[in-house]
>>> print(open('coords30.cif').read())   # mmCIF, C-alpha atoms
data_work
loop_
_atom_site.group_PDB
_atom_site.id
_atom_site.type_symbol
_atom_site.label_atom_id
_atom_site.label_comp_id
_atom_site.auth_asym_id
_atom_site.auth_seq_id
_atom_site.Cartn_x
_atom_site.Cartn_y
_atom_site.Cartn_z
ATOM 1 C CA MET A 1 45.575 6.376 2.502
ATOM 2 C CA ASP A 2 45.975 3.377 0.183
ATOM 3 C CA ALA A 3 49.697 4.101 -0.127
ATOM 4 C CA ILE A 4 50.042 4.299 3.654
ATOM 5 C CA LEU A 5 48.217 0.992 4.162
ATOM 6 C CA GLN A 6 50.333 -0.693 1.482
ATOM 7 C CA ALA A 7 53.522 0.601 3.100
ATOM 8 C CA ALA A 8 52.293 -0.594 6.504
ATOM 9 C CA VAL A 9 51.660 -4.111 5.164
ATOM 10 C CA ASN A 10 55.089 -4.195 3.524
ATOM 11 C CA GLY A 11 56.614 -2.869 6.738
ATOM 12 C CA LEU A 12 55.061 -5.600 8.878
ATOM 13 C CA VAL A 13 56.386 -8.301 6.560
ATOM 14 C CA ALA A 14 59.831 -6.676 6.449
ATOM 15 C CA GLY A 15 59.806 -6.261 10.229
ATOM 16 C CA ALA A 16 58.941 -9.919 10.806
ATOM 17 C CA ILE A 17 61.879 -10.988 8.651
ATOM 18 C CA LEU A 18 64.158 -8.429 10.325
ATOM 19 C CA ALA A 19 63.112 -9.812 13.709
ATOM 20 C CA LEU A 20 65.006 -13.072 13.156
ATOM 21 C CA PRO A 21 68.518 -11.581 12.883
ATOM 22 C CA ALA A 22 67.586 -8.988 15.515
ATOM 23 C CA ILE A 23 66.692 -11.798 17.932
ATOM 24 C CA GLY A 24 69.920 -13.584 17.037
ATOM 25 C CA PHE A 25 71.962 -10.447 17.673
ATOM 26 C CA THR A 26 70.324 -9.666 21.007
ATOM 27 C CA ALA A 27 70.441 -13.313 22.177
ATOM 28 C CA MET A 28 74.201 -13.435 21.625
ATOM 29 C CA PHE A 29 74.579 -10.092 23.380
ATOM 30 C CA ALA A 30 72.505 -11.264 26.347
ATOM 31 C CA VAL A 31 74.721 -14.291 26.938
ATOM 32 C CA LEU A 32 78.151 -13.067 25.797
ATOM 33 C CA ARG A 33 77.813 -9.361 26.681
ATOM 34 C CA PHE A 34 79.383 -7.989 23.512
ATOM 35 C CA PRO A 35 77.823 -6.907 20.191
ATOM 36 C CA ASN A 36 78.642 -9.538 17.569
ATOM 37 C CA PHE A 37 78.666 -7.513 14.355
ATOM 38 C CA ALA A 38 79.480 -10.633 12.361
ATOM 39 C CA VAL A 39 75.704 -11.113 12.171
ATOM 40 C CA ALA A 40 75.809 -9.533 8.709
ATOM 41 C CA ALA A 41 78.065 -12.294 7.394
ATOM 42 C CA PHE A 42 75.995 -14.970 9.142
ATOM 43 C CA ALA A 43 72.867 -13.650 7.417
ATOM 44 C CA THR A 44 74.626 -13.681 4.050
ATOM 45 C CA LEU A 45 76.042 -17.152 4.662
ATOM 46 C CA GLY A 46 72.593 -18.443 5.539
ATOM 47 C CA ALA A 47 71.167 -16.914 2.375
ATOM 48 C CA TYR A 48 73.773 -18.696 0.258
ATOM 49 C CA GLY A 49 73.314 -21.944 2.172
ATOM 50 C CA GLY A 50 69.573 -21.852 1.584
ATOM 51 C CA TRP A 51 70.106 -20.932 -2.061
ATOM 52 C CA MET A 52 72.439 -23.885 -2.611
ATOM 53 C CA ALA A 53 69.977 -26.271 -0.957
ATOM 54 C CA ASN A 54 67.128 -24.920 -3.081
ATOM 55 C CA ALA A 55 68.758 -24.207 -6.449
ATOM 56 C CA TRP A 56 71.406 -26.954 -6.503
ATOM 57 C CA LEU A 57 69.759 -29.763 -4.546
ATOM 58 C CA GLY A 58 66.131 -28.960 -5.310
ATOM 59 C CA TRP A 59 65.077 -28.794 -1.658
ATOM 60 C CA PRO A 60 61.779 -27.082 -0.803
ATOM 61 C CA VAL A 61 61.822 -23.769 1.007
ATOM 62 C CA VAL A 62 61.284 -25.154 4.517
ATOM 63 C CA ALA A 63 64.131 -27.674 4.206
ATOM 64 C CA ALA A 64 66.375 -25.005 2.658
ATOM 65 C CA LEU A 65 65.551 -22.695 5.574
ATOM 66 C CA LEU A 66 66.695 -25.392 8.000
ATOM 67 C CA ALA A 67 69.917 -25.751 6.004
ATOM 68 C CA ALA A 68 70.440 -21.989 6.178
ATOM 69 C CA PHE A 69 69.951 -22.059 9.948
ATOM 70 C CA VAL A 70 72.386 -24.948 10.500
ATOM 71 C CA LEU A 71 75.092 -23.587 8.192
ATOM 72 C CA ALA A 72 75.007 -20.085 9.636
ATOM 73 C CA GLY A 73 74.820 -21.446 13.188
ATOM 74 C CA ALA A 74 77.823 -23.695 12.640
ATOM 75 C CA ALA A 75 79.788 -20.788 11.141
ATOM 76 C CA GLY A 76 78.911 -18.652 14.152
ATOM 77 C CA ALA A 77 79.981 -21.332 16.630
ATOM 78 C CA VAL A 78 83.276 -21.956 14.824
ATOM 79 C CA THR A 79 84.000 -18.218 14.584
ATOM 80 C CA GLN A 80 83.289 -17.796 18.280
ATOM 81 C CA ARG A 81 85.418 -20.721 19.386
ATOM 82 C CA VAL A 82 88.352 -20.171 16.987
ATOM 83 C CA ALA A 83 88.599 -16.379 16.731
ATOM 84 C CA LEU A 84 86.647 -14.572 19.450
ATOM 85 C CA ASP A 85 86.823 -16.561 22.678
ATOM 86 C CA ALA A 86 90.545 -15.973 23.121
ATOM 87 C CA LEU A 87 90.008 -12.200 22.936
ATOM 88 C CA ARG A 88 87.284 -11.941 25.576
ATOM 89 C CA PRO A 89 89.699 -11.190 28.462
ATOM 90 C CA ALA A 90 90.698 -8.044 26.555
ATOM 91 C CA GLY A 91 87.175 -6.656 26.893
ATOM 92 C CA PRO A 92 83.973 -6.406 24.849
ATOM 93 C CA LEU A 93 85.261 -3.602 22.618
ATOM 94 C CA THR A 94 88.178 -5.722 21.417
ATOM 95 C CA VAL A 95 85.892 -8.677 20.717
ATOM 96 C CA ALA A 96 83.394 -6.457 18.874
ATOM 97 C CA ILE A 97 86.184 -5.148 16.631
ATOM 98 C CA ALA A 98 87.379 -8.700 16.013
ATOM 99 C CA ALA A 99 83.792 -9.641 15.075
ATOM 100 C CA ILE A 100 83.803 -6.886 12.467
ATOM 101 C CA ALA A 101 87.034 -8.312 11.069
ATOM 102 C CA ALA A 102 85.511 -11.803 10.988
ATOM 103 C CA ASN A 103 82.511 -10.359 9.174
ATOM 104 C CA VAL A 104 84.737 -8.860 6.462
ATOM 105 C CA ILE A 105 86.654 -12.127 6.052
ATOM 106 C CA LEU A 106 83.495 -14.225 5.692
ATOM 107 C CA GLU A 107 81.953 -11.801 3.208
ATOM 108 C CA ASN A 108 85.062 -11.890 1.045
ATOM 109 C CA VAL A 109 85.197 -15.693 1.187
ATOM 110 C CA LEU A 110 81.645 -15.729 -0.177
ATOM 111 C CA ARG A 111 82.584 -13.171 -2.826
ATOM 112 C CA PHE A 112 85.528 -15.308 -3.902
ATOM 113 C CA ALA A 113 83.415 -18.473 -4.013
ATOM 114 C CA PHE A 114 80.280 -17.129 -5.705
ATOM 115 C CA GLY A 115 81.260 -13.833 -7.319
ATOM 116 C CA ASN A 116 79.281 -10.611 -7.100
ATOM 117 C CA ASP A 117 76.373 -11.558 -9.371
ATOM 118 C CA LEU A 118 72.830 -11.523 -8.039
ATOM 119 C CA LEU A 119 71.409 -14.998 -7.447
ATOM 120 C CA GLY A 120 67.754 -15.939 -7.193
ATOM 121 C CA PHE A 121 65.971 -18.889 -5.624
ATOM 122 C CA ASP A 122 64.234 -21.498 -7.754
ATOM 123 C CA LEU A 123 60.644 -20.530 -7.013
ATOM 124 C CA PRO A 124 57.464 -20.669 -9.104
ATOM 125 C CA LEU A 125 56.072 -17.383 -10.357
ATOM 126 C CA ALA A 126 52.751 -16.351 -8.850
ATOM 127 C CA ARG A 127 50.522 -13.322 -9.052
ATOM 128 C CA ASP A 128 50.108 -10.943 -6.150
ATOM 129 C CA VAL A 129 47.149 -11.468 -3.863
ATOM 130 C CA ARG A 130 44.747 -8.520 -3.745
ATOM 131 C CA PHE A 131 42.746 -7.332 -0.744
ATOM 132 C CA GLY A 132 40.847 -4.389 -2.158
ATOM 133 C CA SER A 133 43.489 -1.854 -3.082
ATOM 134 C CA LEU A 134 46.226 -3.699 -1.175
ATOM 135 C CA ARG A 135 48.611 -6.105 -2.894
ATOM 136 C CA ILE A 136 50.847 -8.659 -1.272
ATOM 137 C CA GLY A 137 53.022 -11.241 -2.962
ATOM 138 C CA PRO A 138 52.557 -14.941 -2.192
ATOM 139 C CA GLN A 139 56.230 -15.115 -1.266
ATOM 140 C CA GLN A 140 55.738 -12.297 1.238
ATOM 141 C CA ILE A 141 52.900 -14.260 2.843
ATOM 142 C CA GLU A 142 55.045 -17.397 2.982
ATOM 143 C CA ASN A 143 57.979 -15.446 4.419
ATOM 144 C CA LEU A 144 55.741 -13.962 7.100
ATOM 145 C CA ILE A 145 54.393 -17.382 8.069
ATOM 146 C CA LEU A 146 57.890 -18.882 8.174
ATOM 147 C CA ALA A 147 59.274 -16.002 10.241
ATOM 148 C CA VAL A 148 56.438 -16.255 12.770
ATOM 149 C CA ALA A 149 56.858 -20.051 12.937
ATOM 150 C CA VAL A 150 60.598 -19.740 13.626
ATOM 151 C CA MET A 151 59.985 -17.140 16.346
ATOM 152 C CA ALA A 152 57.280 -19.295 17.950
ATOM 153 C CA ALA A 153 59.634 -22.292 17.959
ATOM 154 C CA LEU A 154 62.363 -20.174 19.556
ATOM 155 C CA PHE A 155 60.105 -18.869 22.317
ATOM 156 C CA ALA A 156 58.905 -22.413 23.032
ATOM 157 C CA PHE A 157 62.526 -23.606 23.132
ATOM 158 C CA LEU A 158 63.512 -20.907 25.622
ATOM 159 C CA ALA A 159 60.420 -21.335 27.792
ATOM 160 C CA PHE A 160 59.943 -25.094 27.963
ATOM 161 C CA THR A 161 63.246 -26.864 27.368
ATOM 162 C CA ARG A 162 66.004 -27.389 29.898
ATOM 163 C CA ILE A 163 68.642 -26.037 27.523
ATOM 164 C CA GLY A 164 66.565 -22.954 26.822
ATOM 165 C CA LYS A 165 66.136 -22.281 30.532
ATOM 166 C CA ALA A 166 69.902 -22.713 30.969
ATOM 167 C CA MET A 167 70.483 -20.073 28.297
ATOM 168 C CA ARG A 168 68.166 -17.674 30.082
ATOM 169 C CA ALA A 169 69.818 -18.365 33.425
ATOM 170 C CA THR A 170 73.298 -17.769 31.976
ATOM 171 C CA ALA A 171 72.141 -14.513 30.418
ATOM 172 C CA ASP A 172 70.689 -13.327 33.740
ATOM 173 C CA ASN A 173 73.569 -14.341 36.022
ATOM 174 C CA PRO A 174 76.410 -16.572 34.769
ATOM 175 C CA ASP A 175 77.955 -16.977 38.228
ATOM 176 C CA LEU A 176 74.692 -18.141 39.777
ATOM 177 C CA ALA A 177 74.084 -20.415 36.776
ATOM 178 C CA ARG A 178 77.493 -22.007 37.358
ATOM 179 C CA LEU A 179 76.593 -22.668 41.000
ATOM 180 C CA LYS A 180 73.444 -24.427 39.788
ATOM 181 C CA GLY A 181 75.551 -26.830 37.721
ATOM 182 C CA ILE A 182 75.196 -25.068 34.369
ATOM 183 C CA GLU A 183 78.368 -24.914 32.279
ATOM 184 C CA PRO A 184 78.401 -21.329 30.915
ATOM 185 C CA ARG A 185 80.857 -21.994 28.090
ATOM 186 C CA ARG A 186 78.660 -24.687 26.566
ATOM 187 C CA VAL A 187 75.591 -22.500 26.935
ATOM 188 C CA GLU A 188 77.435 -19.575 25.362
ATOM 189 C CA LEU A 189 78.416 -21.688 22.358
ATOM 190 C CA LEU A 190 74.829 -22.879 21.990
ATOM 191 C CA ALA A 191 73.602 -19.289 22.189
ATOM 192 C CA VAL A 192 75.975 -18.340 19.386
ATOM 193 C CA PHE A 193 74.809 -21.290 17.285
ATOM 194 C CA VAL A 194 71.155 -20.355 17.752
ATOM 195 C CA GLY A 195 71.767 -16.633 17.306
ATOM 196 C CA ALA A 196 73.856 -17.028 14.159
ATOM 197 C CA GLY A 197 71.360 -19.589 12.850
ATOM 198 C CA LEU A 198 68.525 -17.089 13.258
ATOM 199 C CA CYS A 199 70.584 -14.551 11.327
ATOM 200 C CA GLY A 200 71.055 -17.108 8.553
ATOM 201 C CA ALA A 201 67.339 -17.889 8.450
ATOM 202 C CA GLY A 202 66.546 -14.181 8.254
ATOM 203 C CA GLY A 203 69.076 -13.708 5.461
ATOM 204 C CA MET A 204 67.486 -16.496 3.436
ATOM 205 C CA LEU A 205 63.962 -15.106 3.910
ATOM 206 C CA LEU A 206 65.244 -11.757 2.741
ATOM 207 C CA GLY A 207 66.754 -13.394 -0.337
ATOM 208 C CA LEU A 208 63.546 -15.287 -1.114
ATOM 209 C CA ASP A 209 61.716 -12.023 -1.666
ATOM 210 C CA THR A 210 64.499 -10.360 -3.680
ATOM 211 C CA SER A 211 67.875 -11.912 -4.536
ATOM 212 C CA ILE A 212 71.192 -12.532 -2.795
ATOM 213 C CA ASP A 213 74.775 -11.336 -3.188
ATOM 214 C CA PRO A 214 77.799 -11.081 -0.849
ATOM 215 C CA LEU A 215 76.406 -7.885 0.730
ATOM 216 C CA THR A 216 72.939 -9.225 1.534
ATOM 217 C CA GLY A 217 73.543 -9.174 5.277
ATOM 218 C CA PHE A 218 75.558 -5.970 5.271
ATOM 219 C CA ARG A 219 72.569 -4.030 3.904
ATOM 220 C CA ILE A 220 70.438 -4.875 6.915
ATOM 221 C CA VAL A 221 73.008 -4.830 9.722
ATOM 222 C CA LEU A 222 72.178 -1.244 10.711
ATOM 223 C CA SER A 223 68.463 -2.059 10.824
ATOM 224 C CA VAL A 224 69.221 -5.168 12.902
ATOM 225 C CA PHE A 225 71.278 -3.169 15.381
ATOM 226 C CA ALA A 226 68.620 -0.439 15.501
ATOM 227 C CA ALA A 227 65.889 -3.013 16.200
ATOM 228 C CA ALA A 228 67.919 -4.517 19.059
ATOM 229 C CA VAL A 229 68.677 -1.090 20.564
ATOM 230 C CA VAL A 230 65.090 0.156 20.264
ATOM 231 C CA GLY A 231 63.709 -3.020 21.817
ATOM 232 C CA GLY A 232 66.384 -3.183 24.503
ATOM 233 C CA LEU A 233 69.693 -5.012 24.136
ATOM 234 C CA GLY A 234 69.318 -8.433 25.697
ATOM 235 C CA SER A 235 65.530 -8.517 25.389
ATOM 236 C CA ILE A 236 64.213 -11.047 22.876
ATOM 237 C CA PRO A 237 60.611 -9.753 22.901
ATOM 238 C CA GLY A 238 62.104 -6.283 22.635
ATOM 239 C CA ALA A 239 64.022 -7.317 19.521
ATOM 240 C CA VAL A 240 60.746 -8.427 17.920
ATOM 241 C CA ALA A 241 58.992 -5.190 18.852
ATOM 242 C CA GLY A 242 61.964 -3.121 17.683
ATOM 243 C CA ALA A 243 62.160 -4.984 14.376
ATOM 244 C CA LEU A 244 58.473 -4.410 13.660
ATOM 245 C CA LEU A 245 58.825 -0.722 14.478
ATOM 246 C CA ILE A 246 61.926 -0.325 12.313
ATOM 247 C CA GLY A 247 60.303 -2.247 9.449
ATOM 248 C CA LEU A 248 57.208 -0.057 9.580
ATOM 249 C CA ALA A 249 59.216 3.137 9.904
ATOM 250 C CA GLU A 250 61.488 2.310 6.961
ATOM 251 C CA GLU A 251 58.600 1.421 4.647
ATOM 252 C CA LEU A 252 56.505 4.430 5.648
ATOM 253 C CA ALA A 253 59.531 6.657 5.161
ATOM 254 C CA THR A 254 59.691 5.643 1.481
ATOM 255 C CA LEU A 255 56.483 7.640 0.976
ATOM 256 C CA ALA A 256 58.461 10.805 1.671
ATOM 257 C CA ILE A 257 62.057 9.959 0.728
ATOM 258 C CA ALA A 258 63.788 7.795 -1.858
ATOM 259 C CA PRO A 259 64.128 4.119 -0.803
ATOM 260 C CA THR A 260 67.914 4.517 -1.043
ATOM 261 C CA TYR A 261 67.868 6.677 2.074
ATOM 262 C CA LYS A 262 65.522 4.626 4.238
ATOM 263 C CA SER A 263 68.493 3.133 6.100
ATOM 264 C CA ALA A 264 68.839 6.538 7.760
ATOM 265 C CA ILE A 265 65.791 5.576 9.799
ATOM 266 C CA GLY A 266 68.018 3.181 11.740
ATOM 267 C CA PHE A 267 70.381 6.010 12.680
ATOM 268 C CA VAL A 268 67.477 8.184 13.811
ATOM 269 C CA ALA A 269 65.947 5.348 15.835
ATOM 270 C CA ILE A 270 69.251 4.633 17.602
ATOM 271 C CA LEU A 271 69.824 8.296 18.429
ATOM 272 C CA LEU A 272 66.299 8.799 19.765
ATOM 273 C CA THR A 273 66.404 5.624 21.832
ATOM 274 C CA LEU A 274 69.792 6.359 23.370
ATOM 275 C CA SER A 275 68.697 9.925 24.131
ATOM 276 C CA LEU A 276 65.217 9.240 25.532
ATOM 277 C CA ARG A 277 65.284 5.653 26.805
ATOM 278 C CA PRO A 278 68.779 4.115 26.789
ATOM 279 C CA ARG A 279 67.513 0.750 28.065
ATOM 280 C CA GLY A 280 65.119 0.421 25.126
ATOM 281 C CA LEU A 281 61.411 -0.376 25.128
ATOM 282 C CA LEU A 282 61.555 -3.558 27.203
ATOM 283 C CA GLY A 283 64.657 -3.056 29.286
ATOM 284 C CA GLU A 284 67.944 -4.910 29.226
ATOM 285 C CA ARG A 285 67.162 -8.500 30.149
ATOM 286 C CA ALA A 286 63.434 -9.003 29.741
ATOM 287 C CA TYR A 287 62.462 -12.333 28.203
#
>>> encode(input="coords30.cif", output="C-alpha cells")
Amino acid sequence: MDAILQAAVNGLVAGAILALPAIGFTAMFAVLRFPNFAVAAFATLGAYGGWMANAWLGWPVVAALLAAFVLAGAAGAVTQRVALDALRPAGPLTVAIAAIAANVILENVLRFAFGNDLLGFDLPLARDVRFGSLRIGPQQIENLILAVAVMAALFAFLAFTRIGKAMRATADNPDLARLKGIEPRRVELLAVFVGAGLCGAGGMLLGLDTSIDPLTGFRIVLSVFAAAVVGGLGSIPGAVAGALLIGLAEELATLAIAPTYKSAIGFVAILLTLSLRPRGLLGERAY
C-alpha cells in the first residue's frame, strides 16, 4: 500500500507537469486543426532557455520559467509563420509531417549548440519532505505549485480577457469569428505562441526535477499526445484530466514493469480511447 501511495503522489506531480505541454498541444490543435508534433522540440527549447537563464544569468526559477515560456513561444510562432503556414492548403496531414521535420531540425540545432551531455539547473540541495511513509522532494512540490499556477493563469486568460475569448471563438468557429471582427490569422499565431510557450514551461519543469538534454521533449511527446487524446483533442480541461490520468498510470505501472517500458502506457491509452470513446473524456471542443 505504501508503494502504491508513493507512486500515486509521484504520478500526480508528473501529471501536473505533463498537463502544460498537453494543454499547449491541444490548444494549437483546437485553433489550427492539425497536430503540431513540434511540441517535443518546443519543450526541449524551453528547458534549455530556462537552464541558460538560471545557470548562466543566475535568474531564480520563476523568472527562468518565464524565459522558457517566451523563448519556446517565439520559436513556435516563427516556425508556424515561416515553415507551416504556407503548407496548410495542402491539408493537415502535410502540415503535421512538416511539423515533425521542424521538430527534428530544432532538436539537432540544440544538439549542435549544446552537445549531448546532461545539464542540470543551479538549485540548492534539500532533503525530501516526509509525510509518514511518503516522501516528496521539495523540487517536486515547487514544480507542482508552478504548474498549477501556470494553468490557473491560462484559464483566467481564456475566460476573462478579450484575446482569450477571441481564441476560444476562433477555435469554435473561425468563419463566425471573422464575421465578428476577429482576425483569425493573428489569433492563430497567438495560439501557437501560447501553446508552444506552455510546452517550453513544461519542458523546464521536467528538467528541474531531473536534467536536460536534446531529447528531453522527445521522451514525453507520446505521453503528451496520449493525454490530449484521452482528454479529447481540442479540450483544454480534457488535456489536464488526460495528463493526470496518464501520469498516474505511468507511475503505477512502474510497480509491475520496469520504468523503461512505462511509455507503453501511452500507446495503450490511445488505443483504448480511440476504440471506446474516440472523442475523449470531455469531447472535442469543451473549454
>>> atom_distance(input="coords30.cif", atom1="CA of Asn108 in chain A", atom2="CA of Lys262 in chain A")
25.8 Å
>>> closest_residue(input="coords30.cif", among="A:Val194, A:Leu134, A:Ala96, A:Ile257", to="Val150 in chain A", atoms="only C-alpha atoms")
A:Val194
>>> closest_residue(input="coords30.cif", among="A:Asp117, A:Asp213, A:Asp2, A:Asp85", to="Leu255 in chain A", atoms="only C-alpha atoms")
A:Asp2
>>> atom_distance(input="coords30.cif", atom1="CA of Leu45 in chain A", atom2="CA of Ala75 in chain A")
8.3 Å
>>> atom_distance(input="coords30.cif", atom1="CA of Leu176 in chain A", atom2="CA of Pro21 in chain A")
28.4 Å
>>> resolve_selection(input="coords30.cif", expression="the PyMOL selection byres ((chain A and resi 171) around 8)", output="JSON, numbers by chain")
{"A": [30, 31, 32, 167, 168, 169, 170, 172, 173, 174, 285]}
>>> residues_around(input="coords30.cif", residues="Gly242 in chain A", least_positions_apart="2", cutoff="10 Å", atoms="all atoms listed in the file", output="VMD selection string")
chain A and resid 15 18 to 19 22 to 23 223 to 232 236 to 240 244 to 248 269 280 to 282
>>> write_last_selection(input="coords30.cif", atoms="C-alpha atoms", output="PDB file, in the coordinates of the input")
ATOM      1  CA  GLY A  15      59.806  -6.261  10.229  1.00  0.00           C
ATOM      2  CA  LEU A  18      64.158  -8.429  10.325  1.00  0.00           C
ATOM      3  CA  ALA A  19      63.112  -9.812  13.709  1.00  0.00           C
ATOM      4  CA  ALA A  22      67.586  -8.988  15.515  1.00  0.00           C
ATOM      5  CA  ILE A  23      66.692 -11.798  17.932  1.00  0.00           C
ATOM      6  CA  SER A 223      68.463  -2.059  10.824  1.00  0.00           C
ATOM      7  CA  VAL A 224      69.221  -5.168  12.902  1.00  0.00           C
ATOM      8  CA  PHE A 225      71.278  -3.169  15.381  1.00  0.00           C
ATOM      9  CA  ALA A 226      68.620  -0.439  15.501  1.00  0.00           C
ATOM     10  CA  ALA A 227      65.889  -3.013  16.200  1.00  0.00           C
ATOM     11  CA  ALA A 228      67.919  -4.517  19.059  1.00  0.00           C
ATOM     12  CA  VAL A 229      68.677  -1.090  20.564  1.00  0.00           C
ATOM     13  CA  VAL A 230      65.090   0.156  20.264  1.00  0.00           C
ATOM     14  CA  GLY A 231      63.709  -3.020  21.817  1.00  0.00           C
ATOM     15  CA  GLY A 232      66.384  -3.183  24.503  1.00  0.00           C
ATOM     16  CA  ILE A 236      64.213 -11.047  22.876  1.00  0.00           C
ATOM     17  CA  PRO A 237      60.611  -9.753  22.901  1.00  0.00           C
ATOM     18  CA  GLY A 238      62.104  -6.283  22.635  1.00  0.00           C
ATOM     19  CA  ALA A 239      64.022  -7.317  19.521  1.00  0.00           C
ATOM     20  CA  VAL A 240      60.746  -8.427  17.920  1.00  0.00           C
ATOM     21  CA  LEU A 244      58.473  -4.410  13.660  1.00  0.00           C
ATOM     22  CA  LEU A 245      58.825  -0.722  14.478  1.00  0.00           C
ATOM     23  CA  ILE A 246      61.926  -0.325  12.313  1.00  0.00           C
ATOM     24  CA  GLY A 247      60.303  -2.247   9.449  1.00  0.00           C
ATOM     25  CA  LEU A 248      57.208  -0.057   9.580  1.00  0.00           C
ATOM     26  CA  ALA A 269      65.947   5.348  15.835  1.00  0.00           C
ATOM     27  CA  GLY A 280      65.119   0.421  25.126  1.00  0.00           C
ATOM     28  CA  LEU A 281      61.411  -0.376  25.128  1.00  0.00           C
ATOM     29  CA  LEU A 282      61.555  -3.558  27.203  1.00  0.00           C
TER      30      LEU A 282
END
>>> resolve_selection(input="coords30.cif", expression="the PyMOL selection byres ((chain A and resi 123) around 9)", output="list in words")
Asn54, Ala55, Val61, Gly120, Phe121, Asp122, Pro124, Leu125 and Leu208 of chain A
>>> closest_residue(input="coords30.cif", among="A:Ile145, A:Ala68, A:Val187, A:Ser133", to="Ile4 in chain A", atoms="only C-alpha atoms")
A:Ser133
>>> resolve_selection(input="coords30.cif", expression="the PyMOL selection byres ((chain A and resi 251-253) around 10)", output="PyMOL selection string")
chain A and resi 3-12+14-15+246-250+254-259+261-265
>>> residues_around(input="coords30.cif", residues="Val95 in chain A", least_positions_apart="4", cutoff="12 Å", atoms="only C-alpha atoms", output="number ranges by chain")
A: 29, 32-38, 79-80, 83-91, 99-102
>>> closest_atom_pairs(input="coords30.cif", of="range 105-179 of chain A", to="range 216-220 of chain A", cutoff="12 Å", atoms="all atoms listed in the file", output="Markdown table")
| residue | atom | partner | partner_atom | distance |
| --- | --- | --- | --- | --- |
| A:Leu106 | CA | A:Gly217 | CA | 11.2 |
| A:Glu107 | CA | A:Phe218 | CA | 8.9 |
| A:Asn108 | CA | A:Phe218 | CA | 12.0 |
| A:Leu110 | CA | A:Thr216 | CA | 11.0 |
| A:Arg111 | CA | A:Thr216 | CA | 11.3 |
| A:Asn116 | CA | A:Thr216 | CA | 10.8 |
| A:Asp117 | CA | A:Thr216 | CA | 11.7 |
| A:Leu118 | CA | A:Thr216 | CA | 9.8 |
| A:Leu119 | CA | A:Thr216 | CA | 10.8 |
>>> write_last_selection(input="coords30.cif", atoms="C-alpha atoms", output="compact mmCIF listing (two decimals), keeping the file's coordinate frame")
# COMPACT_ATOMS: atom_id res chain seq x y z
CA LEU A 106 83.50 -14.22 5.69
CA GLU A 107 81.95 -11.80 3.21
CA ASN A 108 85.06 -11.89 1.04
CA LEU A 110 81.64 -15.73 -0.18
CA ARG A 111 82.58 -13.17 -2.83
CA ASN A 116 79.28 -10.61 -7.10
CA ASP A 117 76.37 -11.56 -9.37
CA LEU A 118 72.83 -11.52 -8.04
CA LEU A 119 71.41 -15.00 -7.45
>>> closest_atom_pairs(input="coords30.cif", of="range 62-99 of chain A", to="range 197-206 of chain A", cutoff="8 Å", atoms="all atoms listed in the file", output="tab-separated table")
residue	atom	partner	partner_atom	distance
A:Leu65	CA	A:Ala201	CA	5.9
A:Leu66	CA	A:Ala201	CA	7.5
A:Ala68	CA	A:Gly200	CA	5.5
A:Phe69	CA	A:Gly197	CA	4.1
A:Val70	CA	A:Gly197	CA	5.9
A:Leu71	CA	A:Gly197	CA	7.2
A:Ala72	CA	A:Gly197	CA	4.9
A:Gly73	CA	A:Gly197	CA	3.9
A:Ala74	CA	A:Gly197	CA	7.7
A:Gly76	CA	A:Gly197	CA	7.7
>>> axis_aligned_box(input="coords30.cif", around="range 42-54 of chain A", padding_each_side="6 Å", output="lines of an AutoDock Vina configuration file")
center_x = 71.6
center_y = -20.0
center_z = 3.0
size_x = 20.9
size_y = 24.6
size_z = 24.2
>>> closest_residue(input="coords30.cif", among="A:Ala191, A:Val104, A:Lys180, A:Pro92", to="Leu158 in chain A", atoms="only C-alpha atoms")
A:Ala191
>>> residues_around(input="coords30.cif", residues="Ala149 in chain A", least_positions_apart="6", cutoff="12 Å", atoms="all atoms listed in the file", output="PyMOL selection string")
chain A and resi 16-17+20+62+65+142-143+155-156+201
>>> closest_residue(input="coords30.cif", among="A:Glu183, A:Gly195, A:Pro60, A:Val78", to="Met151 in chain A", atoms="only C-alpha atoms")
A:Gly195
>>> build_atoms(input="coords30.cif", residues="range 251-260 of chain A", atoms="N, CA and C atoms", output="mmCIF file, keeping the file's coordinate frame")
data_model
loop_
_atom_site.group_PDB
_atom_site.id
_atom_site.type_symbol
_atom_site.label_atom_id
_atom_site.label_comp_id
_atom_site.auth_asym_id
_atom_site.auth_seq_id
_atom_site.Cartn_x
_atom_site.Cartn_y
_atom_site.Cartn_z
ATOM 1 N N GLU A 251 59.517 1.467 5.784
ATOM 2 C CA GLU A 251 58.600 1.421 4.647
ATOM 3 C C GLU A 251 57.751 2.679 4.547
ATOM 4 N N LEU A 252 57.285 3.197 5.674
ATOM 5 C CA LEU A 252 56.505 4.430 5.648
ATOM 6 C C LEU A 252 57.361 5.615 5.209
ATOM 7 N N ALA A 253 58.642 5.564 5.555
ATOM 8 C CA ALA A 253 59.531 6.657 5.161
ATOM 9 C C ALA A 253 59.692 6.751 3.654
ATOM 10 N N THR A 254 59.536 5.615 2.940
ATOM 11 C CA THR A 254 59.691 5.643 1.481
ATOM 12 C C THR A 254 58.587 6.447 0.798
ATOM 13 N N LEU A 255 57.523 6.781 1.544
ATOM 14 C CA LEU A 255 56.483 7.640 0.976
ATOM 15 C C LEU A 255 56.948 9.083 0.870
ATOM 16 N N ALA A 256 57.980 9.420 1.663
ATOM 17 C CA ALA A 256 58.461 10.805 1.671
ATOM 18 C C ALA A 256 59.872 10.947 1.126
ATOM 19 N N ILE A 257 60.677 9.890 1.200
ATOM 20 C CA ILE A 257 62.057 9.959 0.728
ATOM 21 C C ILE A 257 62.322 8.791 -0.202
ATOM 22 N N ALA A 258 63.413 8.878 -0.949
ATOM 23 C CA ALA A 258 63.788 7.795 -1.858
ATOM 24 C C ALA A 258 64.158 6.556 -1.045
ATOM 25 N N PRO A 259 63.804 5.354 -1.538
ATOM 26 C CA PRO A 259 64.128 4.119 -0.803
ATOM 27 C C PRO A 259 65.607 3.976 -0.480
ATOM 28 N N THR A 260 66.472 4.605 -1.283
ATOM 29 C CA THR A 260 67.914 4.517 -1.043
ATOM 30 C C THR A 260 68.288 5.048 0.328
#
